[in-house]
Structure formats: C-alpha cells, structure tokens
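Novice: If it helps, the file is called run-v8.pdb and holds PDB, C-alpha atoms:
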```
MODEL        1
ATOM      1  CA  MET A   1      47.008  52.963  78.841
ATOM      2  CA  LYS A   2      45.052  56.028  77.749
ATOM      3  CA  PRO A   3      47.007  59.174  76.867
ATOM      4  CA  PRO A   4      47.884  61.631  79.647
ATOM      5  CA  LEU A   5      45.666  64.734  79.609
ATOM      6  CA  VAL A   6      46.462  68.195  80.947
ATOM      7  CA  TYR A   7      43.757  70.493  82.326
ATOM      8  CA  HIS A   8      43.100  73.167  84.952
ATOM      9  CA  GLU A   9      39.685  74.388  86.063
ATOM     10  CA  ALA A  10      40.934  77.991  85.814
ATOM     11  CA  TYR A  11      41.184  77.695  82.017
ATOM     12  CA  SER A  12      37.608  78.968  81.635
ATOM     13  CA  ALA A  13      38.136  82.478  82.989
ATOM     14  CA  PRO A  14      34.959  84.586  83.131
ATOM     15  CA  LEU A  15      34.237  86.883  80.204
ATOM     16  CA  PRO A  16      31.251  89.156  79.460
ATOM     17  CA  SER A  17      28.329  87.128  78.075
ATOM     18  CA  THR A  18      28.502  89.106  74.823
ATOM     19  CA  HIS A  19      32.171  88.272  74.166
ATOM     20  CA  ARG A  20      32.704  86.197  71.030
ATOM     21  CA  PHE A  21      35.571  84.088  72.389
ATOM     22  CA  PRO A  22      34.088  80.785  73.643
ATOM     23  CA  MET A  23      35.937  80.739  76.959
ATOM     24  CA  ALA A  24      33.557  78.210  78.535
ATOM     25  CA  LYS A  25      34.647  75.572  76.011
ATOM     26  CA  PHE A  26      37.587  74.401  78.137
ATOM     27  CA  ARG A  27      35.375  73.496  81.092
ATOM     28  CA  ARG A  28      32.756  71.979  78.803
ATOM     29  CA  LEU A  29      35.400  69.964  76.967
ATOM     30  CA  GLU A  30      36.610  68.366  80.183
ATOM     31  CA  GLY A  31      33.062  67.299  81.000
ATOM     32  CA  CYS A  32      32.476  66.038  77.469
ATOM     33  CA  LEU A  33      35.615  63.885  77.525
ATOM     34  CA  ARG A  34      34.592  62.347  80.839
ATOM     35  CA  ASP A  35      31.106  61.621  79.483
ATOM     36  CA  MET A  36      32.652  59.948  76.420
ATOM     37  CA  GLY A  37      34.974  57.791  78.518
ATOM     38  CA  LEU A  38      38.007  59.592  77.103
ATOM     39  CA  ALA A  39      39.106  61.191  80.388
ATOM     40  CA  SER A  40      39.441  59.813  83.892
ATOM     41  CA  ASP A  41      41.070  61.010  87.093
ATOM     42  CA  GLY A  42      44.055  58.748  86.459
ATOM     43  CA  GLN A  43      44.796  60.465  83.145
ATOM     44  CA  MET A  44      44.534  64.045  84.348
ATOM     45  CA  HIS A  45      47.574  66.197  85.077
ATOM     46  CA  ARG A  46      47.315  69.675  86.591
ATOM     47  CA  PRO A  47      49.754  72.313  85.304
ATOM     48  CA  LEU A  48      51.576  75.036  87.149
ATOM     49  CA  PRO A  49      52.006  78.557  85.751
ATOM     50  CA  VAL A  50      54.975  78.849  83.430
ATOM     51  CA  PRO A  51      58.014  80.295  85.290
ATOM     52  CA  ARG A  52      58.890  83.829  84.249
ATOM     53  CA  ARG A  53      62.410  82.887  83.132
ATOM     54  CA  TRP A  54      60.944  80.406  80.646
ATOM     55  CA  LEU A  55      58.269  82.814  79.427
ATOM     56  CA  GLU A  56      61.052  85.306  78.733
ATOM     57  CA  LEU A  57      62.708  82.907  76.293
ATOM     58  CA  VAL A  58      60.088  84.316  73.887
ATOM     59  CA  HIS A  59      58.346  87.327  75.473
ATOM     60  CA  PRO A  60      60.321  90.268  76.895
ATOM     61  CA  ARG A  61      59.569  91.384  80.430
ATOM     62  CA  GLY A  62      58.233  94.754  79.360
ATOM     63  CA  TYR A  63      55.451  93.133  77.364
ATOM     64  CA  HIS A  64      54.336  90.447  79.799
ATOM     65  CA  GLN A  65      54.451  92.842  82.755
ATOM     66  CA  ALA A  66      52.373  95.434  80.886
ATOM     67  CA  PHE A  67      49.811  92.765  80.069
ATOM     68  CA  ALA A  68      49.677  91.385  83.611
ATOM     69  CA  ARG A  69      49.303  94.885  85.107
ATOM     70  CA  ASP A  70      46.688  95.959  82.531
ATOM     71  CA  GLN A  71      49.054  98.640  81.228
ATOM     72  CA  LEU A  72      48.898  97.860  77.503
ATOM     73  CA  ASP A  73      47.645 100.738  75.388
ATOM     74  CA  ARG A  74      44.209 100.553  73.782
ATOM     75  CA  ARG A  75      45.540  99.507  70.394
ATOM     76  CA  ALA A  76      47.465  96.597  71.917
ATOM     77  CA  GLN A  77      44.413  95.559  73.949
ATOM     78  CA  ARG A  78      42.147  95.674  70.882
ATOM     79  CA  ARG A  79      44.648  93.616  68.916
ATOM     80  CA  ILE A  80      44.479  90.861  71.538
ATOM     81  CA  GLY A  81      40.710  91.080  71.923
ATOM     82  CA  LEU A  82      40.608  89.880  75.542
ATOM     83  CA  PRO A  83      40.395  91.927  78.772
ATOM     84  CA  ALA A  84      43.337  91.731  81.172
ATOM     85  CA  THR A  85      41.331  90.673  84.212
ATOM     86  CA  THR A  86      43.057  88.864  87.070
ATOM     87  CA  PRO A  87      41.468  85.479  86.201
ATOM     88  CA  LEU A  88      42.422  85.912  82.528
ATOM     89  CA  VAL A  89      46.022  86.731  83.442
ATOM     90  CA  GLN A  90      46.192  83.676  85.703
ATOM     91  CA  ARG A  91      44.747  81.327  83.073
ATOM     92  CA  THR A  92      47.173  82.671  80.459
ATOM     93  CA  TRP A  93      50.218  81.738  82.564
ATOM     94  CA  LEU A  94      48.625  78.399  83.453
ATOM     95  CA  ALA A  95      47.813  77.495  79.847
ATOM     96  CA  VAL A  96      51.428  77.999  78.758
ATOM     97  CA  GLY A  97      52.529  75.797  81.647
ATOM     98  CA  GLY A  98      49.947  73.279  80.477
ATOM     99  CA  THR A  99      51.347  73.011  76.972
ATOM    100  CA  LEU A 100      54.857  72.610  78.345
ATOM    101  CA  LEU A 101      53.654  69.867  80.707
ATOM    102  CA  THR A 102      51.853  68.166  77.806
ATOM    103  CA  ALA A 103      55.042  68.142  75.740
ATOM    104  CA  ARG A 104      57.040  66.633  78.598
ATOM    105  CA  LEU A 105      54.386  63.954  79.109
ATOM    106  CA  ALA A 106      54.473  63.190  75.382
ATOM    107  CA  LEU A 107      58.233  62.703  75.528
ATOM    108  CA  ARG A 108      57.681  60.223  78.368
ATOM    109  CA  HIS A 109      54.586  58.393  77.097
ATOM    110  CA  GLY A 110      54.630  58.875  73.306
ATOM    111  CA  VAL A 111      51.469  61.005  73.133
ATOM    112  CA  ALA A 112      49.764  63.512  75.435
ATOM    113  CA  CYS A 113      46.901  65.970  74.952
ATOM    114  CA  HIS A 114      46.214  69.445  76.331
ATOM    115  CA  LEU A 115      42.643  70.666  76.858
ATOM    116  CA  ALA A 116      43.759  74.163  75.805
ATOM    117  CA  GLY A 117      46.666  75.781  73.926
ATOM    118  CA  GLY A 118      47.503  76.777  70.386
ATOM    119  CA  THR A 119      47.949  80.545  70.854
ATOM    120  CA  HIS A 120      49.949  80.918  67.663
ATOM    121  CA  HIS A 121      49.231  84.609  66.936
ATOM    122  CA  ALA A 122      51.199  85.865  69.961
ATOM    123  CA  PHE A 123      54.364  87.628  68.799
ATOM    124  CA  PRO A 124      57.275  88.293  71.155
ATOM    125  CA  ASP A 125      56.209  91.827  72.106
ATOM    126  CA  PHE A 126      52.504  91.936  71.269
ATOM    127  CA  GLY A 127      49.461  89.699  71.232
ATOM    128  CA  SER A 128      46.889  89.235  68.500
ATOM    129  CA  GLY A 129      43.734  87.326  67.652
ATOM    130  CA  PHE A 130      42.886  86.173  71.221
ATOM    131  CA  CYS A 131      46.525  85.068  71.714
ATOM    132  CA  ILE A 132      48.614  86.649  74.476
ATOM    133  CA  PHE A 133      51.619  84.332  74.988
ATOM    134  CA  ASN A 134      52.764  81.826  72.363
ATOM    135  CA  ASP A 135      52.555  78.515  74.199
ATOM    136  CA  LEU A 136      53.982  76.432  71.345
ATOM    137  CA  ALA A 137      56.984  78.715  70.881
ATOM    138  CA  ILE A 138      57.714  78.890  74.608
ATOM    139  CA  THR A 139      57.419  75.117  74.922
ATOM    140  CA  ALA A 140      59.796  74.508  72.026
ATOM    141  CA  ARG A 141      62.327  77.006  73.401
ATOM    142  CA  VAL A 142      62.230  75.491  76.889
ATOM    143  CA  LEU A 143      62.713  71.970  75.526
ATOM    144  CA  LEU A 144      65.657  73.114  73.414
ATOM    145  CA  GLU A 145      67.241  74.785  76.441
ATOM    146  CA  GLN A 146      66.225  72.443  79.279
ATOM    147  CA  GLU A 147      65.809  69.013  77.680
ATOM    148  CA  GLY A 148      68.544  69.194  75.054
ATOM    149  CA  LEU A 149      66.216  68.564  72.108
ATOM    150  CA  GLN A 150      67.681  69.388  68.717
ATOM    151  CA  ARG A 151      64.747  68.809  66.321
ATOM    152  CA  VAL A 152      61.190  69.959  67.045
ATOM    153  CA  LEU A 153      58.422  70.063  64.434
ATOM    154  CA  VAL A 154      55.382  72.312  64.848
ATOM    155  CA  VAL A 155      52.423  71.012  62.827
ATOM    156  CA  ASP A 156      49.803  73.762  62.787
ATOM    157  CA  LEU A 157      46.498  72.741  61.171
ATOM    158  CA  ASP A 158      44.377  75.552  62.595
ATOM    159  CA  VAL A 159      42.526  77.359  59.785
ATOM    160  CA  HIS A 160      44.586  80.485  60.502
ATOM    161  CA  GLN A 161      48.289  80.576  59.723
ATOM    162  CA  GLY A 162      50.603  80.139  62.714
ATOM    163  CA  ASP A 163      52.134  83.481  61.849
ATOM    164  CA  ALA A 164      53.808  84.410  65.124
ATOM    165  CA  THR A 165      55.254  80.935  65.606
ATOM    166  CA  ALA A 166      56.715  81.135  62.105
ATOM    167  CA  LEU A 167      58.328  84.519  62.774
ATOM    168  CA  ILE A 168      59.713  83.497  66.174
ATOM    169  CA  PHE A 169      61.563  80.533  64.665
ATOM    170  CA  GLN A 170      62.817  82.095  61.458
ATOM    171  CA  GLY A 171      66.529  81.294  61.382
ATOM    172  CA  GLU A 172      66.206  78.662  64.151
ATOM    173  CA  THR A 173      67.299  75.437  62.475
ATOM    174  CA  ARG A 174      66.259  73.239  65.404
ATOM    175  CA  VAL A 175      62.555  74.107  65.038
ATOM    176  CA  PHE A 176      60.634  73.493  61.805
ATOM    177  CA  THR A 177      57.257  75.198  61.366
ATOM    178  CA  PHE A 178      54.579  73.675  59.106
ATOM    179  CA  SER A 179      51.286  75.551  58.707
ATOM    180  CA  ALA A 180      48.310  74.414  56.600
ATOM    181  CA  HIS A 181      45.665  77.150  56.586
ATOM    182  CA  ALA A 182      43.074  79.102  54.590
ATOM    183  CA  ALA A 183      44.997  81.436  52.288
ATOM    184  CA  SER A 184      42.500  84.309  52.435
ATOM    185  CA  ASN A 185      41.767  84.170  56.168
ATOM    186  CA  PHE A 186      43.273  86.004  59.141
ATOM    187  CA  PRO A 187      46.017  87.124  59.468
ATOM    188  CA  ALA A 188      45.966  89.400  56.438
ATOM    189  CA  ARG A 189      49.749  89.637  56.553
ATOM    190  CA  LYS A 190      51.227  86.148  56.479
ATOM    191  CA  GLN A 191      54.684  85.207  57.726
ATOM    192  CA  LEU A 192      57.003  82.640  56.167
ATOM    193  CA  SER A 193      56.784  79.264  57.856
ATOM    194  CA  ASP A 194      59.402  76.679  56.944
ATOM    195  CA  LEU A 195      56.549  75.042  55.024
ATOM    196  CA  ASP A 196      53.245  76.750  54.261
ATOM    197  CA  LEU A 197      50.311  74.903  52.731
ATOM    198  CA  PRO A 198      47.679  77.526  51.847
ATOM    199  CA  PHE A 199      44.194  76.338  50.872
ATOM    200  CA  GLN A 200      41.652  78.203  48.794
ATOM    201  CA  ASP A 201      38.229  78.864  50.293
ATOM    202  CA  GLY A 202      35.815  75.949  50.208
ATOM    203  CA  VAL A 203      38.312  73.078  50.203
ATOM    204  CA  GLY A 204      36.687  69.930  51.614
ATOM    205  CA  ASP A 205      37.746  66.706  53.264
ATOM    206  CA  GLN A 206      39.193  64.838  50.293
ATOM    207  CA  ASP A 207      41.452  67.549  48.893
ATOM    208  CA  TYR A 208      42.550  68.688  52.345
ATOM    209  CA  LEU A 209      43.455  65.213  53.586
ATOM    210  CA  SER A 210      45.172  64.349  50.335
ATOM    211  CA  ARG A 211      47.463  67.371  50.442
ATOM    212  CA  VAL A 212      48.290  67.118  54.147
ATOM    213  CA  GLY A 213      48.806  63.378  53.715
ATOM    214  CA  GLU A 214      51.285  64.020  50.919
ATOM    215  CA  CYS A 215      53.313  66.537  52.944
ATOM    216  CA  LEU A 216      53.490  65.248  56.482
ATOM    217  CA  PRO A 217      54.965  61.712  56.146
ATOM    218  CA  ALA A 218      57.725  62.970  53.848
ATOM    219  CA  LEU A 219      58.426  65.819  56.280
ATOM    220  CA  LEU A 220      58.719  63.411  59.195
ATOM    221  CA  GLU A 221      61.027  61.128  57.238
ATOM    222  CA  ARG A 222      63.262  64.022  56.250
ATOM    223  CA  LEU A 223      63.413  65.846  59.584
ATOM    224  CA  GLN A 224      63.241  62.923  62.022
ATOM    225  CA  PRO A 225      62.018  65.269  64.803
ATOM    226  CA  GLN A 226      62.363  64.299  68.440
ATOM    227  CA  LEU A 227      58.950  65.825  69.186
ATOM    228  CA  VAL A 228      55.921  67.070  67.247
ATOM    229  CA  LEU A 229      53.783  69.872  68.659
ATOM    230  CA  TYR A 230      50.386  69.546  66.953
ATOM    231  CA  ASN A 231      47.859  72.378  66.843
ATOM    232  CA  ALA A 232      44.583  70.563  66.096
ATOM    233  CA  GLY A 233      42.391  73.628  65.562
ATOM    234  CA  VAL A 234      38.840  72.718  64.516
ATOM    235  CA  ASP A 235      38.112  75.974  62.683
ATOM    236  CA  PRO A 236      38.652  74.378  59.238
ATOM    237  CA  HIS A 237      35.129  72.959  59.815
ATOM    238  CA  GLN A 238      32.439  73.930  57.318
ATOM    239  CA  GLU A 239      30.229  75.418  60.071
ATOM    240  CA  ASP A 240      32.942  77.470  61.763
ATOM    241  CA  ARG A 241      32.154  81.188  61.956
ATOM    242  CA  LEU A 242      35.759  82.281  61.397
ATOM    243  CA  GLY A 243      36.897  79.557  58.997
ATOM    244  CA  ARG A 244      36.599  79.406  55.207
ATOM    245  CA  LEU A 245      37.236  75.734  54.589
ATOM    246  CA  CYS A 246      34.646  72.954  54.407
ATOM    247  CA  LEU A 247      35.831  70.012  56.474
ATOM    248  CA  THR A 248      33.261  67.815  58.186
ATOM    249  CA  ASP A 249      33.485  66.225  61.625
ATOM    250  CA  MET A 250      34.655  63.028  59.943
ATOM    251  CA  GLY A 251      37.258  64.952  57.959
ATOM    252  CA  LEU A 252      38.659  66.494  61.141
ATOM    253  CA  LEU A 253      38.766  63.103  62.825
ATOM    254  CA  GLN A 254      40.562  61.574  59.834
ATOM    255  CA  ARG A 255      43.012  64.490  59.856
ATOM    256  CA  ASP A 256      43.826  63.888  63.521
ATOM    257  CA  HIS A 257      44.246  60.147  62.949
ATOM    258  CA  LEU A 258      46.527  60.908  59.999
ATOM    259  CA  VAL A 259      48.812  63.196  62.019
ATOM    260  CA  LEU A 260      48.957  60.997  65.105
ATOM    261  CA  ASP A 261      49.509  57.773  63.166
ATOM    262  CA  ALA A 262      52.211  59.338  60.983
ATOM    263  CA  CYS A 263      54.141  60.300  64.124
ATOM    264  CA  LEU A 264      53.553  57.256  66.292
ATOM    265  CA  ARG A 265      54.316  54.680  63.597
ATOM    266  CA  ARG A 266      57.751  56.346  63.341
ATOM    267  CA  GLY A 267      58.243  56.419  67.096
ATOM    268  CA  ILE A 268      57.995  60.223  67.238
ATOM    269  CA  PRO A 269      56.359  61.630  70.394
ATOM    270  CA  ILE A 270      53.467  64.018  69.758
ATOM    271  CA  ALA A 271      51.821  66.606  72.014
ATOM    272  CA  THR A 272      48.439  68.001  70.955
ATOM    273  CA  VAL A 273      46.753  71.336  71.699
ATOM    274  CA  ILE A 274      43.188  72.207  70.732
ATOM    275  CA  GLY A 275      43.680  75.475  68.833
ATOM    276  CA  GLY A 276      40.791  77.525  67.504
ATOM    277  CA  GLY A 277      37.120  76.900  66.910
ATOM    278  CA  TYR A 278      34.156  79.290  66.744
ATOM    279  CA  ASP A 279      30.623  77.941  66.701
ATOM    280  CA  ALA A 280      27.744  77.214  69.054
ATOM    281  CA  MET A 281      29.152  75.680  72.216
ATOM    282  CA  THR A 282      27.779  72.130  71.994
ATOM    283  CA  PRO A 283      28.972  71.269  68.459
ATOM    284  CA  LEU A 284      32.237  73.111  69.069
ATOM    285  CA  VAL A 285      33.088  71.071  72.154
ATOM    286  CA  LYS A 286      32.290  67.839  70.322
ATOM    287  CA  ARG A 287      34.686  68.874  67.542
ATOM    288  CA  HIS A 288      37.461  69.640  69.996
ATOM    289  CA  ALA A 289      36.912  66.177  71.491
ATOM    290  CA  LEU A 290      37.819  64.549  68.163
ATOM    291  CA  VAL A 291      41.586  64.831  68.646
ATOM    292  CA  PHE A 292      41.281  63.161  72.061
ATOM    293  CA  ARG A 293      39.291  60.334  70.491
ATOM    294  CA  ALA A 294      41.940  59.942  67.795
ATOM    295  CA  ALA A 295      44.767  60.039  70.367
ATOM    296  CA  SER A 296      43.086  57.359  72.481
ATOM    297  CA  ASP A 297      42.596  55.133  69.431
ATOM    298  CA  GLN A 298      46.124  55.652  68.155
ATOM    299  CA  ALA A 299      47.700  55.080  71.562
ATOM    300  CA  ARG A 300      45.917  51.746  71.754
ATOM    301  CA  LEU A 301      46.830  50.794  68.180
ATOM    302  CA  HIS A 302      50.507  51.577  68.780
ATOM    303  CA  GLY A 303      50.651  49.879  72.171
ATOM    304  CA  LEU A 304      51.313  53.006  74.221
TER     305      LEU A 304
ENDMDL
END
```
Produce structure tokens that represent the structure in this file.
Specialist:
Amino acid sequence: MKPPLVYHEAYSAPLPSTHRFPMAKFRRLEGCLRDMGLASDGQMHRPLPVPRRWLELVHPRGYHQAFARDQLDRRAQRRIGLPATTPLVQRTWLAVGGTLLTARLALRHGVACHLAGGTHHAFPDFGSGFCIFNDLAITARVLLEQEGLQRVLVVDLDVHQGDATALIFQGETRVFTFSAHAASNFPARKQLSDLDLPFQDGVGDQDYLSRVGECLPALLERLQPQLVLYNAGVDPHQEDRLGRLCLTDMGLLQRDHLVLDACLRRGIPIATVIGGGYDAMTPLVKRHALVFRAASDQARLHGL
C-alpha cells in the first residue's frame, strides 16, 4: 500500500503574477506526483474546511473573523503578506482541515502526507510570514481534545524556526516542539521551542544530517510520542531564495528518509506537511516531491 495523500484543487488560490509566494506549487505538485507514480486516485483524500470550534482551540474568533472579512488593519495584512481574497480565505480553512485529515490518516495507516501545510508562523491572534492559521498547532490541539492523545511531537525542519508553534505550546506538556533552523534567518525574534537546533549559515548535507540524526532518535526514545507531525520544508536547500543553508536535493531526501525511518521503525505514526520553499517553480516542485518519495519508500520498507 502507498501512503494516503491529502489534497484539494482549491489549494492554489489565485494571486497577482508579481507575488513572491509560489501559490501554484500545490497544483503543480499534485501533477508531479502523479507523473512520478507517487500519487493515484486510490491514495487521494479530499479535506473539508476545519470547523470553527476546532480552529478556535488556537485562534480567537476576533482574529479569524477579521481575516475572513478582510477587516485586518494594514500592519496585520503586511505581516501576513497575502491578500484576504475569497479564494485565499477558502483555501486557508481547507488547508488546516487537510493537515488534520492527514494526521488522522497517519494514526490509522502509520504514515500519511499532505500536499500543503506547515504554516508555523501563525500566532493565536495574528499571522506572519505567509502563515494565517497554524495548521500544526490546531491539529495537535484537536487530537489532544478529540482523540485522547497524550504525547505529540512536532518535528519542524523548515529553514525558519517554528516560532508560533513553539509559543502556542509553551507550558503544554503533551506537545513537544523540536525546530532545526537557520539561526540568522527569519524570524528575527525567536521563541523557545522545547528543543531548538540552530544552524549557522552555509551548513551542508553532512553536518546537518549528522546533528539531526543525533537528536531525533534519542528524542523519540525518550518521549515515545503517539504521533509525529513533520514539517518537511525544502527551504534549507542551497538554491532557496529565502534560506541560508546549503543542503542538496540528495541531502533533503536523506533527511526525509531519516525522519520517517526513525518514526516508523519505532511504530510511531507520522504525518508530513510540505512547509516552505522559494525558488523557480519546476525545481521547487521536484524538491517538495522528495518527502512523498521517501514516504512511499519507507512505507514499503516497513510493510505499511
């Protein structure tokens, strides 16, 4: 069996052609995975928008209503960096529902992958850095409340620190946040994750994989989480416009294999989201496809 995949055609909401966020990547990624034989109709699951009561486990009504009605002030809008058009509002609610569905499929099948997600700069009452609602935080909160989970691990390997996720779960002993990121990159003001692994600019495959490989297995052994939420951002790549690290395509693929294997060999379900990536569309989509390739390989290796 190949891993379940979660996708909705509304993920690629229209943006002005000059906008720097690569919104078309979600649609292109779905086509790329089908071309590579990594996605088929039988694997695909279509999400529903996240219910408001679950969204409000993280984001207060005043904030999400102001966003949905395009009533945020200019400073708040600039901080997010995305226009509150009707299609963008719809895809934002859908993408959170998609990460939650991915997590539930992972609990059932061992591994599942979302063709979006990873909006880790969304704080409870404001958005930032192209992130409006924090899909990982909402998903973890819903699973704690609805599914009775007691130990969730967020593994965030996007090049930018998962700052909002870290703040949301400070003092929450049931959720452990691990962020490995470029120390000098956005956000300028870092939060305290339960475990931060900051890298200096220019770190390449060997040093990166060595340090993550030292941390993660020991963390899994100590915490014994019931679910891992994995942000597989590809912006640590050496060609990424907003990254400062120097991983190659092979380094990213080895990273994804490392994370997935470390979880699955211990019987820990893992849900993946694609996180950030900023480059020309064709190489970017191929990089985002790496985690799906790794998940397919690891699912087969572990008999899922």
Novice: CA of Leu33 in chain A and CA of Leu82 in chain A are how many Å apart?
Specialist: 26.5 Å
Novice: Determine the residue set returned by the PyMOL selection byres ((chain A and resi 298) around 12) for the present structure, and present it as a PDB file with C-alpha atoms, keeping the file's coordinate frame.
Specialist:
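Wrote out-v7.pdb, looks like this:
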```
ATOM      1  CA  MET A   1      47.008  52.963  78.841  1.00  0.00           C
ATOM      2  CA  LYS A   2      45.052  56.028  77.749  1.00  0.00           C
ATOM      3  CA  PRO A   3      47.007  59.174  76.867  1.00  0.00           C
ATOM      4  CA  GLY A 110      54.630  58.875  73.306  1.00  0.00           C
ATOM      5  CA  VAL A 111      51.469  61.005  73.133  1.00  0.00           C
ATOM      6  CA  ALA A 112      49.764  63.512  75.435  1.00  0.00           C
ATOM      7  CA  LEU A 253      38.766  63.103  62.825  1.00  0.00           C
ATOM      8  CA  GLN A 254      40.562  61.574  59.834  1.00  0.00           C
ATOM      9  CA  ASP A 256      43.826  63.888  63.521  1.00  0.00           C
ATOM     10  CA  HIS A 257      44.246  60.147  62.949  1.00  0.00           C
ATOM     11  CA  LEU A 258      46.527  60.908  59.999  1.00  0.00           C
ATOM     12  CA  VAL A 259      48.812  63.196  62.019  1.00  0.00           C
ATOM     13  CA  LEU A 260      48.957  60.997  65.105  1.00  0.00           C
ATOM     14  CA  ASP A 261      49.509  57.773  63.166  1.00  0.00           C
ATOM     15  CA  ALA A 262      52.211  59.338  60.983  1.00  0.00           C
ATOM     16  CA  CYS A 263      54.141  60.300  64.124  1.00  0.00           C
ATOM     17  CA  LEU A 264      53.553  57.256  66.292  1.00  0.00           C
ATOM     18  CA  ARG A 265      54.316  54.680  63.597  1.00  0.00           C
ATOM     19  CA  ILE A 270      53.467  64.018  69.758  1.00  0.00           C
ATOM     20  CA  VAL A 291      41.586  64.831  68.646  1.00  0.00           C
ATOM     21  CA  PHE A 292      41.281  63.161  72.061  1.00  0.00           C
ATOM     22  CA  ARG A 293      39.291  60.334  70.491  1.00  0.00           C
ATOM     23  CA  ALA A 294      41.940  59.942  67.795  1.00  0.00           C
ATOM     24  CA  ALA A 295      44.767  60.039  70.367  1.00  0.00           C
ATOM     25  CA  SER A 296      43.086  57.359  72.481  1.00  0.00           C
ATOM     26  CA  ASP A 297      42.596  55.133  69.431  1.00  0.00           C
ATOM     27  CA  ALA A 299      47.700  55.080  71.562  1.00  0.00           C
ATOM     28  CA  ARG A 300      45.917  51.746  71.754  1.00  0.00           C
ATOM     29  CA  LEU A 301      46.830  50.794  68.180  1.00  0.00           C
ATOM     30  CA  HIS A 302      50.507  51.577  68.780  1.00  0.00           C
ATOM     31  CA  GLY A 303      50.651  49.879  72.171  1.00  0.00           C
ATOM     32  CA  LEU A 304      51.313  53.006  74.221  1.00  0.00           C
TER      33      LEU A 304
END
```
Novice: Of the candidates A:Asn185, A:Thr173, A:Thr119, A:Thr165, which one gets nearest to Ile80 in chain A if we count all atoms listed in the file?
Specialist: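 Using all atoms listed in the file, the shortest distance to Ile80 in chain A belongs to A:Thr119.
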Novice: Hey, which of A:Phe126, A:His114, A:Gln65, A:His121 ends up closest to Gln77 in chain A? Count only C-alpha atoms.
Specialist: A:Phe126
Novice: If we count only C-alpha atoms and set the cut-off at 7 Å, which residues sit around range 89-94 of chain A, ignoring sequence neighbours fewer than 6 positions away in its own chain? Please answer as a PyMOL selection string.
Specialist: chain A and resi 10-11+13+47-50+68
Novice: Could you please determine the separation between CA of Glu9 in chain A and CA of Ala103 in chain A in Å, to one decimal place?
Specialist: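 Those two atoms sit 19.5 Å apart.
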Novice: Can you work out the spacing between CA of Leu220 in chain A and CA of Gly162 in chain A in Å, to one decimal?
Specialist: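 CA of Gly162 in chain A lies 18.9 Å from CA of Leu220 in chain A.
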Novice: Out of A:Leu192, A:Leu223, A:Ile168, A:Ala289, which residue has the shortest atom-to-atom distance to Ile138 in chain A when counting all atoms listed in the file?
Specialist: A:Ile168
